[in-house]
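Engineer: My structure is in work_36.cif, and what it holds is mmCIF, C-alpha atoms:
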data_protein
#
loop_
_atom_site.label_atom_id
_atom_site.label_comp_id
_atom_site.auth_asym_id
_atom_site.auth_seq_id
_atom_site.Cartn_x
_atom_site.Cartn_y
_atom_site.Cartn_z
CA MET A 387 54.18 56.24 -34.76
CA SER A 388 50.72 57.71 -34.99
CA GLY A 389 48.11 55.56 -33.33
CA LYS A 390 44.36 55.77 -33.26
CA VAL A 391 42.35 57.22 -30.37
CA ILE A 392 39.04 55.45 -29.73
CA VAL A 393 36.62 56.61 -27.03
CA ILE A 394 34.30 54.06 -25.40
CA THR A 395 31.10 55.66 -24.23
CA SER A 396 27.45 54.93 -23.43
CA GLY A 397 25.46 57.73 -21.87
CA LYS A 398 23.82 55.48 -19.32
CA GLY A 399 25.88 54.01 -16.50
CA GLY A 400 26.00 50.33 -15.69
CA VAL A 401 25.71 49.00 -19.25
CA GLY A 402 29.22 47.53 -19.23
CA LYS A 403 31.31 50.38 -20.58
CA THR A 404 34.34 49.74 -18.38
CA THR A 405 34.06 45.97 -18.86
CA ALA A 406 33.98 46.56 -22.61
CA SER A 407 37.01 48.88 -22.39
CA ALA A 408 39.05 46.34 -20.45
CA ASN A 409 38.14 43.48 -22.76
CA ILE A 410 38.64 45.38 -26.00
CA GLY A 411 41.99 46.57 -24.64
CA VAL A 412 43.12 43.02 -23.83
CA ALA A 413 41.75 41.62 -27.10
CA LEU A 414 43.46 44.31 -29.19
CA ALA A 415 46.78 43.78 -27.39
CA GLN A 416 46.49 40.03 -28.02
CA THR A 417 46.45 40.71 -31.76
CA GLY A 418 49.96 42.11 -31.35
CA VAL A 419 49.45 45.88 -31.45
CA SER A 420 50.41 48.18 -28.57
CA VAL A 421 47.50 49.57 -26.58
CA ALA A 422 47.08 52.26 -23.92
CA MET A 423 43.87 52.41 -21.91
CA VAL A 424 42.92 55.74 -20.35
CA ASP A 425 40.43 55.76 -17.48
CA MET A 426 38.60 59.10 -17.75
CA ASP A 427 36.12 58.28 -15.01
CA ILE A 428 37.88 60.62 -12.61
CA GLY A 429 36.64 60.18 -9.04
CA LEU A 430 35.03 56.81 -9.82
CA ARG A 431 38.00 54.86 -11.06
CA ASN A 432 37.35 51.20 -11.85
CA LEU A 433 39.28 50.14 -14.93
CA ASP A 434 42.31 49.28 -12.75
CA ILE A 435 40.17 46.78 -10.79
CA LEU A 436 38.83 45.04 -13.89
CA MET A 437 42.39 44.72 -15.15
CA GLY A 438 43.63 43.44 -11.77
CA LEU A 439 46.12 46.32 -11.60
CA GLU A 440 44.77 48.23 -8.58
CA ASN A 441 47.84 47.46 -6.49
CA ARG A 442 50.25 48.80 -9.07
CA VAL A 443 48.79 52.29 -9.44
CA VAL A 444 51.29 54.94 -8.34
CA TYR A 445 50.52 58.05 -10.38
CA ASN A 446 47.41 58.89 -12.36
CA LEU A 447 46.00 60.88 -15.24
CA VAL A 448 45.64 64.07 -13.21
CA ASP A 449 49.26 63.81 -11.99
CA VAL A 450 50.36 63.69 -15.64
CA VAL A 451 48.18 66.62 -16.68
CA GLU A 452 49.32 68.72 -13.71
CA GLU A 453 52.93 67.73 -14.41
CA ARG A 454 53.65 66.03 -11.12
CA CYS A 455 55.11 63.09 -13.04
CA LYS A 456 56.13 62.03 -16.53
CA LEU A 457 53.59 60.24 -18.74
CA ARG A 458 55.72 57.08 -18.80
CA GLN A 459 55.86 57.00 -14.99
CA ALA A 460 52.07 56.96 -14.69
CA LEU A 461 51.50 54.15 -17.21
CA VAL A 462 50.86 50.81 -15.48
CA LYS A 463 51.95 47.75 -17.46
CA ASP A 464 49.51 44.84 -17.72
CA LYS A 465 50.36 41.66 -15.81
CA ARG A 466 50.31 39.35 -18.83
CA LEU A 467 50.54 41.51 -21.93
CA PRO A 468 53.71 43.63 -22.13
CA ASN A 469 52.23 45.70 -25.00
CA LEU A 470 49.22 46.80 -22.91
CA CYS A 471 49.27 49.77 -20.50
CA LEU A 472 46.77 51.54 -18.28
CA LEU A 473 46.69 55.23 -17.42
CA PRO A 474 44.52 55.20 -14.27
CA ALA A 475 42.04 57.89 -13.26
CA ALA A 476 42.51 59.91 -10.08
CA GLN A 477 40.23 58.67 -7.34
CA THR A 478 40.29 61.76 -5.12
CA ARG A 479 39.50 64.42 -7.72
CA ASP A 480 36.45 65.17 -9.88
CA LYS A 481 35.59 65.50 -13.56
CA THR A 482 36.76 69.13 -13.72
CA ALA A 483 40.39 68.12 -13.00
CA VAL A 484 41.12 67.62 -16.72
CA ASN A 485 39.78 69.85 -19.50
CA ALA A 486 39.33 69.22 -23.21
CA GLU A 487 42.55 70.94 -24.26
CA GLN A 488 44.62 68.95 -21.77
CA MET A 489 42.94 65.74 -22.96
CA LYS A 490 43.73 66.52 -26.60
CA LYS A 491 47.37 67.09 -25.72
CA LEU A 492 47.54 63.89 -23.69
CA CYS A 493 45.97 61.81 -26.48
CA GLY A 494 48.42 63.36 -28.92
CA GLU A 495 51.34 62.19 -26.76
CA LEU A 496 49.90 58.70 -26.25
CA LYS A 497 49.33 58.34 -30.00
CA GLU A 498 53.05 58.72 -30.52
CA LEU A 499 53.76 55.82 -28.16
CA PHE A 500 50.93 53.34 -28.93
CA ASP A 501 49.05 51.88 -31.92
CA TYR A 502 45.71 52.22 -30.11
CA VAL A 503 44.58 54.54 -27.33
CA LEU A 504 41.28 53.49 -25.71
CA VAL A 505 39.54 56.14 -23.63
CA ASP A 506 36.99 54.84 -21.11
CA SER A 507 34.52 57.69 -20.77
CA PRO A 508 32.39 58.32 -17.65
CA ALA A 509 28.60 57.94 -17.81
CA GLY A 510 26.55 61.03 -18.56
CA ILE A 511 26.63 63.67 -21.28
CA GLU A 512 28.25 66.50 -19.34
CA SER A 513 31.84 67.72 -19.16
CA GLY A 514 33.29 64.29 -18.32
CA PHE A 515 31.94 62.87 -21.56
CA GLN A 516 32.84 65.94 -23.60
CA ASN A 517 36.43 65.86 -22.34
CA SER A 518 36.76 62.11 -23.01
CA VAL A 519 35.71 62.63 -26.61
CA ALA A 520 38.03 65.62 -27.09
CA GLY A 521 41.06 63.76 -28.43
CA ALA A 522 39.29 60.87 -30.16
CA GLU A 523 38.81 60.15 -33.85
CA GLU A 524 36.59 57.12 -33.42
CA ALA A 525 33.88 56.15 -30.92
CA VAL A 526 32.43 52.90 -29.64
CA ILE A 527 28.95 53.25 -28.12
CA VAL A 528 28.03 50.55 -25.61
CA THR A 529 24.38 49.82 -24.90
CA THR A 530 22.16 46.97 -23.73
CA PRO A 531 18.83 46.03 -25.37
CA GLU A 532 16.88 47.91 -22.69
CA MET A 533 14.81 51.00 -23.41
CA SER A 534 16.60 53.34 -21.02
CA ALA A 535 20.05 52.34 -22.30
CA VAL A 536 18.99 52.65 -25.95
CA ARG A 537 17.50 56.08 -25.33
CA ASP A 538 20.73 57.30 -23.74
CA ALA A 539 22.78 55.77 -26.56
CA ASP A 540 20.67 57.79 -28.98
CA ARG A 541 21.55 60.99 -27.10
CA ILE A 542 25.23 60.09 -27.37
CA ILE A 543 24.90 59.45 -31.11
CA GLY A 544 23.34 62.89 -31.47
CA LEU A 545 26.27 64.47 -29.61
CA LEU A 546 28.84 62.52 -31.68
CA GLU A 547 27.07 63.59 -34.89
CA ALA A 548 27.58 67.18 -33.80
CA ARG A 549 31.34 66.50 -33.67
CA LYS A 550 31.53 65.01 -37.14
CA ASP A 551 34.75 66.88 -37.94
CA GLU A 552 36.66 65.11 -35.17
CA ILE A 553 34.79 61.80 -34.76
CA GLN A 554 35.11 60.16 -38.16
CA GLN A 555 33.39 56.93 -37.24
CA TYR A 556 31.17 55.57 -34.49
CA ARG A 557 29.83 52.07 -34.07
CA LEU A 558 27.63 50.24 -31.60
CA VAL A 559 28.40 47.38 -29.23
CA LEU A 560 25.20 45.69 -28.07
CA ASN A 561 26.07 44.24 -24.68
CA ARG A 562 24.32 41.66 -22.51
CA LEU A 563 22.03 40.31 -25.18
CA ARG A 564 20.00 37.30 -24.06
CA PRO A 565 19.25 35.21 -27.15
CA GLY A 566 16.69 33.12 -25.28
CA MET A 567 14.63 36.17 -24.38
CA VAL A 568 14.83 37.51 -27.92
CA ARG A 569 13.55 34.15 -29.16
CA THR A 570 10.52 34.35 -26.90
CA ASN A 571 9.93 37.98 -27.92
CA ASP A 572 10.70 39.33 -24.48
CA MET A 573 13.76 41.37 -25.46
CA MET A 574 14.60 43.67 -28.37
CA SER A 575 16.82 41.96 -30.92
CA VAL A 576 20.03 43.18 -32.54
CA GLU A 577 18.03 44.17 -35.64
CA ASP A 578 15.44 46.05 -33.55
CA VAL A 579 18.08 48.16 -31.81
CA LEU A 580 19.99 48.87 -35.03
CA GLU A 581 16.79 49.91 -36.77
CA ILE A 582 15.77 52.22 -33.95
CA LEU A 583 19.19 53.88 -33.63
CA SER A 584 20.20 53.75 -37.34
CA VAL A 585 23.78 53.04 -36.43
CA LYS A 586 26.53 50.72 -37.65
CA LEU A 587 27.17 47.60 -35.57
CA LEU A 588 30.60 46.78 -34.21
CA GLY A 589 29.61 43.70 -32.24
CA VAL A 590 27.17 41.83 -30.03
CA VAL A 591 28.16 40.49 -26.62
CA PRO A 592 25.85 37.86 -25.10
CA GLU A 593 25.07 37.94 -21.38
CA ASP A 594 27.68 35.76 -19.73
CA GLU A 595 28.10 34.96 -16.03
CA GLN A 596 31.81 34.50 -16.62
CA ILE A 597 32.09 38.32 -16.73
CA ILE A 598 31.44 38.44 -12.97
CA VAL A 599 33.88 35.61 -12.30
CA SER A 600 36.55 37.29 -14.39
CA THR A 601 36.03 40.61 -12.63
CA ASN A 602 36.55 38.86 -9.28
CA LYS A 603 39.86 37.58 -10.58
CA GLY A 604 40.90 40.82 -12.29
CA GLU A 605 41.37 39.00 -15.58
CA PRO A 606 39.15 40.18 -18.48
CA VAL A 607 37.33 37.32 -20.26
CA ALA A 608 38.83 38.29 -23.60
CA GLY A 609 42.06 36.74 -22.31
CA THR A 610 40.54 33.30 -21.77
CA ASP A 611 39.61 31.08 -24.66
CA ASN A 612 36.33 29.39 -23.92
CA THR A 613 33.85 32.06 -22.93
CA ARG A 614 31.12 33.45 -25.19
CA ALA A 615 31.68 37.05 -24.11
CA GLY A 616 35.43 36.63 -24.53
CA LEU A 617 35.01 35.46 -28.11
CA ALA A 618 32.63 38.35 -28.79
CA PHE A 619 35.20 40.88 -27.54
CA ARG A 620 38.00 39.30 -29.55
CA ASN A 621 35.81 39.61 -32.67
CA ILE A 622 35.17 43.26 -31.82
CA ALA A 623 38.92 43.91 -31.54
CA ARG A 624 39.52 42.31 -34.94
CA ARG A 625 36.78 44.47 -36.49
CA LEU A 626 38.36 47.58 -34.96
CA ARG A 627 41.56 46.59 -36.75
CA GLY A 628 39.65 46.55 -40.02
CA GLU A 629 39.11 42.81 -40.38
CA ASP A 630 35.78 41.61 -41.71
CA VAL A 631 34.60 39.15 -39.05
CA PRO A 632 31.07 37.68 -39.30
CA LEU A 633 28.79 37.93 -36.25
CA MET A 634 28.81 34.77 -34.18
CA ASP A 635 25.60 32.80 -34.36
CA LEU A 636 24.04 33.40 -30.97
CA ASP A 637 21.30 30.83 -31.59
CA GLU A 638 23.83 28.09 -32.12
CA LEU A 639 25.49 28.64 -28.76
CA ASN A 640 25.08 25.73 -26.36
CA GLN A 641 22.92 23.82 -28.79
CA GLY A 642 23.58 20.18 -28.18
CA TRP A 643 20.62 17.90 -28.85
CA LEU A 644 19.69 17.89 -25.17
CA SER A 645 19.56 21.66 -24.78
CA ARG A 646 17.54 21.88 -27.98
CA MET A 647 15.01 19.46 -26.54
CA VAL A 648 14.88 21.38 -23.27
CA ARG A 649 14.46 24.63 -25.14
CA PHE A 650 11.64 23.25 -27.27
CA PHE A 651 9.64 22.06 -24.30
CA ALA A 652 10.37 24.97 -21.99
CA PRO A 653 10.76 28.05 -24.17
CA ALA A 654 10.01 30.49 -21.37
CA ARG A 655 13.11 29.42 -19.48
CA ALA A 656 15.39 29.13 -22.47
CA MET B 375 8.82 28.58 -38.06
CA GLU B 376 10.40 29.79 -34.82
CA GLU B 377 7.56 32.24 -34.27
CA LEU B 378 4.92 29.65 -35.05
CA LYS B 379 6.50 27.33 -32.52
CA VAL B 380 6.45 30.06 -29.88
CA GLN B 381 2.82 30.81 -30.67
CA VAL B 382 1.84 27.15 -30.42
CA LEU B 383 3.64 26.82 -27.11
CA ASN B 384 2.16 30.06 -25.81
CA TRP B 385 -1.27 28.73 -26.62
CA PHE B 386 -0.43 25.41 -25.03
CA PHE B 387 0.77 27.01 -21.80
CA HIS B 388 -1.97 29.70 -21.86
CA ARG B 389 0.60 32.44 -22.04
CA LYS B 390 -0.51 35.89 -23.07
CA ASN B 391 0.28 36.25 -26.73
CA GLU B 392 1.52 39.78 -26.41
CA SER B 393 5.10 40.53 -27.36
CA THR B 394 6.80 42.94 -24.99
CA ARG B 395 9.60 43.13 -27.54
CA THR B 396 7.32 44.74 -30.12
CA LYS B 397 5.84 46.98 -27.47
CA ALA B 398 9.30 48.16 -26.41
CA LYS B 399 10.31 48.77 -30.02
CA ASP B 400 7.19 50.82 -30.79
CA ARG B 401 7.51 52.91 -27.63
CA MET B 402 11.23 53.40 -28.29
CA ARG B 403 10.69 54.59 -31.84
CA LEU B 404 8.10 57.20 -30.89
CA MET B 405 10.11 58.35 -27.89
CA LEU B 406 13.31 58.84 -29.88
CA ILE B 407 11.55 60.83 -32.60
CA HIS B 408 10.32 63.20 -29.88
CA ASP B 409 13.77 63.25 -28.22
CA ARG B 410 15.63 64.04 -31.43
CA LEU B 411 13.26 66.87 -32.35
CA GLU B 412 13.07 68.06 -28.74
CA LEU B 413 9.34 67.89 -29.22
CA PRO B 414 7.08 68.02 -26.14
CA ALA B 415 4.56 65.18 -25.99
CA ASP B 416 1.43 67.35 -26.50
CA ARG B 417 2.87 69.43 -29.32
CA LEU B 418 1.90 67.06 -32.11
CA ALA B 419 -1.71 66.90 -30.98
CA SER B 420 -2.04 70.68 -31.09
CA LEU B 421 -0.45 70.80 -34.55
CA GLU B 422 -2.94 68.20 -35.77
CA GLU B 423 -5.81 70.21 -34.35
CA GLU B 424 -4.67 73.38 -36.12
CA LEU B 425 -3.99 71.63 -39.43
CA VAL B 426 -7.37 69.94 -39.39
CA ALA B 427 -9.00 73.29 -38.73
CA VAL B 428 -7.24 74.83 -41.73
CA VAL B 429 -8.04 71.96 -44.08
CA CYS B 430 -11.64 72.00 -42.88
CA ARG B 431 -12.01 75.58 -44.06
CA TYR B 432 -11.52 74.29 -47.63
CA PHE B 433 -12.74 70.71 -47.53
CA GLU B 434 -15.01 68.37 -45.72
CA ILE B 435 -12.73 65.57 -44.59
CA ASP B 436 -13.22 62.03 -43.37
CA ARG B 437 -12.14 62.23 -39.73
CA GLU B 438 -12.48 58.47 -39.28
CA THR B 439 -9.63 57.66 -41.67
CA THR B 440 -7.49 60.75 -41.11
CA ARG B 441 -3.91 59.74 -40.48
CA PHE B 442 -1.42 61.92 -38.71
CA ASP B 443 1.83 60.60 -37.34
CA LEU B 444 5.60 60.70 -37.27
CA GLN B 445 7.75 58.18 -39.06
CA GLN B 446 11.44 57.48 -38.83
CA TYR B 447 13.75 57.49 -41.84
CA GLU B 448 17.32 56.70 -40.78
CA ARG B 449 17.91 59.24 -38.03
CA ARG B 450 15.40 61.76 -39.39
CA ALA B 451 11.69 62.01 -38.81
CA ALA B 452 8.93 62.77 -41.28
CA LEU B 453 5.45 64.02 -40.56
CA ILE B 454 2.92 61.95 -42.47
CA ALA B 455 -0.52 63.52 -42.72
CA ASN B 456 -3.32 62.01 -44.73
CA PHE B 457 -6.66 63.81 -44.89
CA PRO B 458 -9.13 61.92 -47.09
CA LEU B 459 -11.26 64.60 -48.77
CA LEU B 460 -15.02 64.11 -49.11
CA ARG B 461 -16.01 67.34 -50.92
CA SER B 462 -14.85 70.90 -51.23
CA LYS B 463 -16.48 73.74 -49.41
CA CYS B 464 -17.00 76.47 -51.99
#
Before we go any further, please render this structure as structure tokens.
Structural biologist:
Amino acid sequence: MSGKVIVITSGKGGVGKTTASANIGVALAQTGVSVAMVDMDIGLRNLDILMGLENRVVYNLVDVVEERCKLRQALVKDKRLPNLCLLPAAQTRDKTAVNAEQMKKLCGELKELFDYVLVDSPAGIESGFQNSVAGAEEAVIVTTPEMSAVRDADRIIGLLEARKDEIQQYRLVLNRLRPGMVRTNDMMSVEDVLEILSVKLLGVVPEDEQIIVSTNKGEPVAGTDNTRAGLAFRNIARRLRGEDVPLMDLDELNQGWLSRMVRFFAPARA
Amino acid sequence: MEELKVQVLNWFFHRKNESTRTKAKDRMRLMLIHDRLELPADRLASLEEELVAVVCRYFEIDRETTRFDLQQYERRAALIANFPLLRSKC
């Protein structure tokens, strides 16, 4: 088997990179392929929490690299999806614990075992990011429609462009979009951000309170049927697999006749 | 239609008809051009000054309608300079 290594990155912290990783991982696994998620945020490990797997972590990425355990021993199986695994980050080490060469080797081994390897990169553009990208052939850039996040995403795009030989494709996930604010011209739209960054779109995820609820439970929203963000992440997973899935119509969400009336008379709160 | 509706409602509720979305987009665009070129903020102004000085050695130009700015094409930037010429200095 030779799987595909995809790095999930953002530049800026707090835009939903780890949430996106967890949800894309779950959504991909739900389509039937095998998926390994690698938490590269060494020292600030969080992917295990979002997946609800924090109590099952025994070994970690650094243990594997430093040969204290076998790769298979460190992989934590998901609670619901048997074809989904997590390779947790070390919590007590720092970003220098794994270098680019070691990462390439690790990704090479994981590719033999899984259809998809998702690498959750740390924030920033320093060594942690560079090492996360080392073994990847595709990148997903996560940003929100805020100026600081878009600026940092642009920096990341510049750095990925410089690695054109390895990174064959990169696409954008626009996270936490608020359609109501776009409608009242108080937030940059999908088109605005794409025009500014000149980048291909992988998907749009609307702001959804269910993300917080799902994090509390340790069950990514992509696993539950009736959430907007969950549907958005499932669409993203299908696009990663090469399917042509149209963007969901964000304006049509929650538009019963009553909410349309409310929106018409109170656009500022919509 | 959607925009018209927003404008009508803005007028109705005396809201300031100033789109922060457009403002953000314009600021973003200019900022990223500078970022990508690693161009300090005052650099462009000094280039304009020098170019104008050179052109002025040959022509009298209309400073009112002189245009000098950066535009984005995909991920590249272009310098657009437009010096309307009034007469040559011979």
Engineer: What is the CA of Asp501 in chain A-CA of Ile394 in chain A distance in Å, reported with one decimal?
Structural biologist: 16.3 Å
Engineer: Counting all atoms listed in the file, which residues of chain B come no farther than 7 Å from chain A, as a list of chain:residue names?
Structural biologist: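 Only these qualify: B:Val380, B:Ser393, B:Thr394, B:Arg395, B:Ala398, B:Lys399, B:Met402, B:Arg403, B:Leu406, B:Glu448, B:Arg449.
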Engineer: Would you mind telling me which residue in A:Phe500, A:Phe515, A:Phe619, A:Tyr445 lies nearest to Val559 in chain A when using all atoms listed in the file?
Structural biologist: A:Phe619
Engineer: Just the residues within 6 Å of Ala608 in chain A, please, counting all atoms listed in the file, with nothing from its chain fewer than 4 positions along; format it as a PyMOL selection string.
Structural biologist: chain A and resi 409+413+616+619
Engineer: Please write the residues from the selection above to a file, keeping C-alpha atoms, as a PDB file, in the coordinates of the input.
Structural biologist:
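Everything below was put into again02.pdb:
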ATOM      1  CA  ASN A 409      38.140  43.480 -22.760  1.00  0.00           C
ATOM      2  CA  ALA A 413      41.750  41.620 -27.100  1.00  0.00           C
ATOM      3  CA  GLY A 616      35.430  36.630 -24.530  1.00  0.00           C
ATOM      4  CA  PHE A 619      35.200  40.880 -27.540  1.00  0.00           C
TER       5      PHE A 619
END
Engineer: Can you spell out as an MDAnalysis selection string the set of residues that the PyMOL selection byres ((chain A and resi 426) around 7) selects in the structure I just provided?
Structural biologist: chainID A and resid 424:425 427:428 475 505:508 518
Engineer: Can you work out which one of A:Gly389, A:Gly628, A:Gly609, A:Gly429 has the shortest atom-to-atom distance to Gly514 in chain A, counting all atoms listed in the file?
Structural biologist: A:Gly429
Engineer: Hey, can I get the axis-aligned box for range 456-470 of chain A? All listed atoms, 6 Å padding on each side, centre and edge lengths in Å to one decimal, as JSON.
Structural biologist:
{"center_x": 52.7, "center_y": 50.7, "center_z": -19.8, "size_x": 18.9, "size_y": 34.7, "size_z": 22.3}
Engineer: Given the PyMOL selection byres ((chain A and resi 546) around 10) and the file above, list the residues it selects as a ChimeraX atom specification.
Structural biologist: /A:516,519,524-525,527,540-545,547-556
Engineer: Keeping C-alpha atoms for every residue in the selection just given, could you write it to a file as a PDB file, in the frame of the given file?
Structural biologist:
ATOM      1  CA  GLN A 516      32.840  65.940 -23.600  1.00  0.00           C
ATOM      2  CA  VAL A 519      35.710  62.630 -26.610  1.00  0.00           C
ATOM      3  CA  GLU A 524      36.590  57.120 -33.420  1.00  0.00           C
ATOM      4  CA  ALA A 525      33.880  56.150 -30.920  1.00  0.00           C
ATOM      5  CA  ILE A 527      28.950  53.250 -28.120  1.00  0.00           C
ATOM      6  CA  ASP A 540      20.670  57.790 -28.980  1.00  0.00           C
ATOM      7  CA  ARG A 541      21.550  60.990 -27.100  1.00  0.00           C
ATOM      8  CA  ILE A 542      25.230  60.090 -27.370  1.00  0.00           C
ATOM      9  CA  ILE A 543      24.900  59.450 -31.110  1.00  0.00           C
ATOM     10  CA  GLY A 544      23.340  62.890 -31.470  1.00  0.00           C
ATOM     11  CA  LEU A 545      26.270  64.470 -29.610  1.00  0.00           C
ATOM     12  CA  GLU A 547      27.070  63.590 -34.890  1.00  0.00           C
ATOM     13  CA  ALA A 548      27.580  67.180 -33.800  1.00  0.00           C
ATOM     14  CA  ARG A 549      31.340  66.500 -33.670  1.00  0.00           C
ATOM     15  CA  LYS A 550      31.530  65.010 -37.140  1.00  0.00           C
ATOM     16  CA  ASP A 551      34.750  66.880 -37.940  1.00  0.00           C
ATOM     17  CA  GLU A 552      36.660  65.110 -35.170  1.00  0.00           C
ATOM     18  CA  ILE A 553      34.790  61.800 -34.760  1.00  0.00           C
ATOM     19  CA  GLN A 554      35.110  60.160 -38.160  1.00  0.00           C
ATOM     20  CA  GLN A 555      33.390  56.930 -37.240  1.00  0.00           C
ATOM     21  CA  TYR A 556      31.170  55.570 -34.490  1.00  0.00           C
TER      22      TYR A 556
END
Engineer: Would you translate the PyMOL selection byres ((chain A and resi 419) around 9) into the concrete set of residues it matches in this file, as a PDB file with C-alpha atoms, in the coordinates of the input?
Structural biologist:
ATOM      1  CA  LEU A 414      43.460  44.310 -29.190  1.00  0.00           C
ATOM      2  CA  ALA A 415      46.780  43.780 -27.390  1.00  0.00           C
ATOM      3  CA  GLN A 416      46.490  40.030 -28.020  1.00  0.00           C
ATOM      4  CA  THR A 417      46.450  40.710 -31.760  1.00  0.00           C
ATOM      5  CA  GLY A 418      49.960  42.110 -31.350  1.00  0.00           C
ATOM      6  CA  SER A 420      50.410  48.180 -28.570  1.00  0.00           C
ATOM      7  CA  VAL A 421      47.500  49.570 -26.580  1.00  0.00           C
ATOM      8  CA  ASN A 469      52.230  45.700 -25.000  1.00  0.00           C
ATOM      9  CA  LEU A 470      49.220  46.800 -22.910  1.00  0.00           C
ATOM     10  CA  PHE A 500      50.930  53.340 -28.930  1.00  0.00           C
ATOM     11  CA  ASP A 501      49.050  51.880 -31.920  1.00  0.00           C
ATOM     12  CA  TYR A 502      45.710  52.220 -30.110  1.00  0.00           C
TER      13      TYR A 502
END
Engineer: Which of these residues is nearest to Gly510 in chain A, using only C-alpha atoms: A:Lys398, A:Ala406, A:Pro565, A:Asn602?
Structural biologist: A:Lys398
Engineer: What does the structure give for the distance between CA of Cys493 in chain A and CA of Ser600 in chain A, in Å to one decimal?
Structural biologist: 28.9 Å
Engineer: Within 10 Å of (12.3, 64.3, -32.8) (file coordinates; all atoms listed in the file), which protein or nucleic acid residues are there? I'd like them as a VMD selection string.
Structural biologist: chain B and resid 403 to 414 444 to 446 449 to 452
Engineer: Save range 403-419 of chain A from what I just supplied, as a PDB file, in the first residue's frame, atoms limited to N, CA and C atoms.
Structural biologist:
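Written output follows (part23.pdb):
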ATOM      1  N   LYS A 403      -7.164  24.548  13.490  1.00  0.00           N
ATOM      2  CA  LYS A 403      -6.340  23.561  12.778  1.00  0.00           C
ATOM      3  C   LYS A 403      -6.533  22.145  13.336  1.00  0.00           C
ATOM      4  N   THR A 404      -6.440  22.025  14.660  1.00  0.00           N
ATOM      5  CA  THR A 404      -6.567  20.696  15.263  1.00  0.00           C
ATOM      6  C   THR A 404      -7.997  20.178  15.139  1.00  0.00           C
ATOM      7  N   THR A 405      -8.971  21.065  15.291  1.00  0.00           N
ATOM      8  CA  THR A 405     -10.372  20.676  15.092  1.00  0.00           C
ATOM      9  C   THR A 405     -10.577  20.180  13.661  1.00  0.00           C
ATOM     10  N   ALA A 406      -9.990  20.897  12.714  1.00  0.00           N
ATOM     11  CA  ALA A 406     -10.103  20.478  11.310  1.00  0.00           C
ATOM     12  C   ALA A 406      -9.441  19.118  11.105  1.00  0.00           C
ATOM     13  N   SER A 407      -8.260  18.921  11.698  1.00  0.00           N
ATOM     14  CA  SER A 407      -7.557  17.640  11.565  1.00  0.00           C
ATOM     15  C   SER A 407      -8.419  16.497  12.073  1.00  0.00           C
ATOM     16  N   ALA A 408      -8.960  16.662  13.279  1.00  0.00           N
ATOM     17  CA  ALA A 408      -9.771  15.607  13.887  1.00  0.00           C
ATOM     18  C   ALA A 408     -10.982  15.287  13.012  1.00  0.00           C
ATOM     19  N   ASN A 409     -11.644  16.329  12.542  1.00  0.00           N
ATOM     20  CA  ASN A 409     -12.869  16.124  11.768  1.00  0.00           C
ATOM     21  C   ASN A 409     -12.600  15.558  10.378  1.00  0.00           C
ATOM     22  N   ILE A 410     -11.546  16.019   9.743  1.00  0.00           N
ATOM     23  CA  ILE A 410     -11.208  15.471   8.427  1.00  0.00           C
ATOM     24  C   ILE A 410     -10.800  14.003   8.585  1.00  0.00           C
ATOM     25  N   GLY A 411     -10.074  13.716   9.681  1.00  0.00           N
ATOM     26  CA  GLY A 411      -9.673  12.336   9.939  1.00  0.00           C
ATOM     27  C   GLY A 411     -10.884  11.422  10.083  1.00  0.00           C
ATOM     28  N   VAL A 412     -11.839  11.835  10.908  1.00  0.00           N
ATOM     29  CA  VAL A 412     -13.051  11.048  11.145  1.00  0.00           C
ATOM     30  C   VAL A 412     -13.847  10.916   9.838  1.00  0.00           C
ATOM     31  N   ALA A 413     -14.002  12.043   9.134  1.00  0.00           N
ATOM     32  CA  ALA A 413     -14.815  12.034   7.911  1.00  0.00           C
ATOM     33  C   ALA A 413     -14.193  11.145   6.834  1.00  0.00           C
ATOM     34  N   LEU A 414     -12.863  11.194   6.719  1.00  0.00           N
ATOM     35  CA  LEU A 414     -12.187  10.333   5.734  1.00  0.00           C
ATOM     36  C   LEU A 414     -12.385   8.862   6.096  1.00  0.00           C
ATOM     37  N   ALA A 415     -12.193   8.548   7.388  1.00  0.00           N
ATOM     38  CA  ALA A 415     -12.320   7.156   7.835  1.00  0.00           C
ATOM     39  C   ALA A 415     -13.744   6.645   7.596  1.00  0.00           C
ATOM     40  N   GLN A 416     -14.729   7.535   7.745  1.00  0.00           N
ATOM     41  CA  GLN A 416     -16.124   7.145   7.511  1.00  0.00           C
ATOM     42  C   GLN A 416     -16.390   6.754   6.055  1.00  0.00           C
ATOM     43  N   THR A 417     -15.565   7.279   5.143  1.00  0.00           N
ATOM     44  CA  THR A 417     -15.759   6.909   3.735  1.00  0.00           C
ATOM     45  C   THR A 417     -15.187   5.514   3.453  1.00  0.00           C
ATOM     46  N   GLY A 418     -14.518   4.924   4.456  1.00  0.00           N
ATOM     47  CA  GLY A 418     -14.069   3.543   4.305  1.00  0.00           C
ATOM     48  C   GLY A 418     -12.568   3.346   4.156  1.00  0.00           C
ATOM     49  N   VAL A 419     -11.821   4.435   3.975  1.00  0.00           N
ATOM     50  CA  VAL A 419     -10.371   4.294   3.831  1.00  0.00           C
ATOM     51  C   VAL A 419      -9.713   4.259   5.213  1.00  0.00           C
TER      52      VAL A 419
END
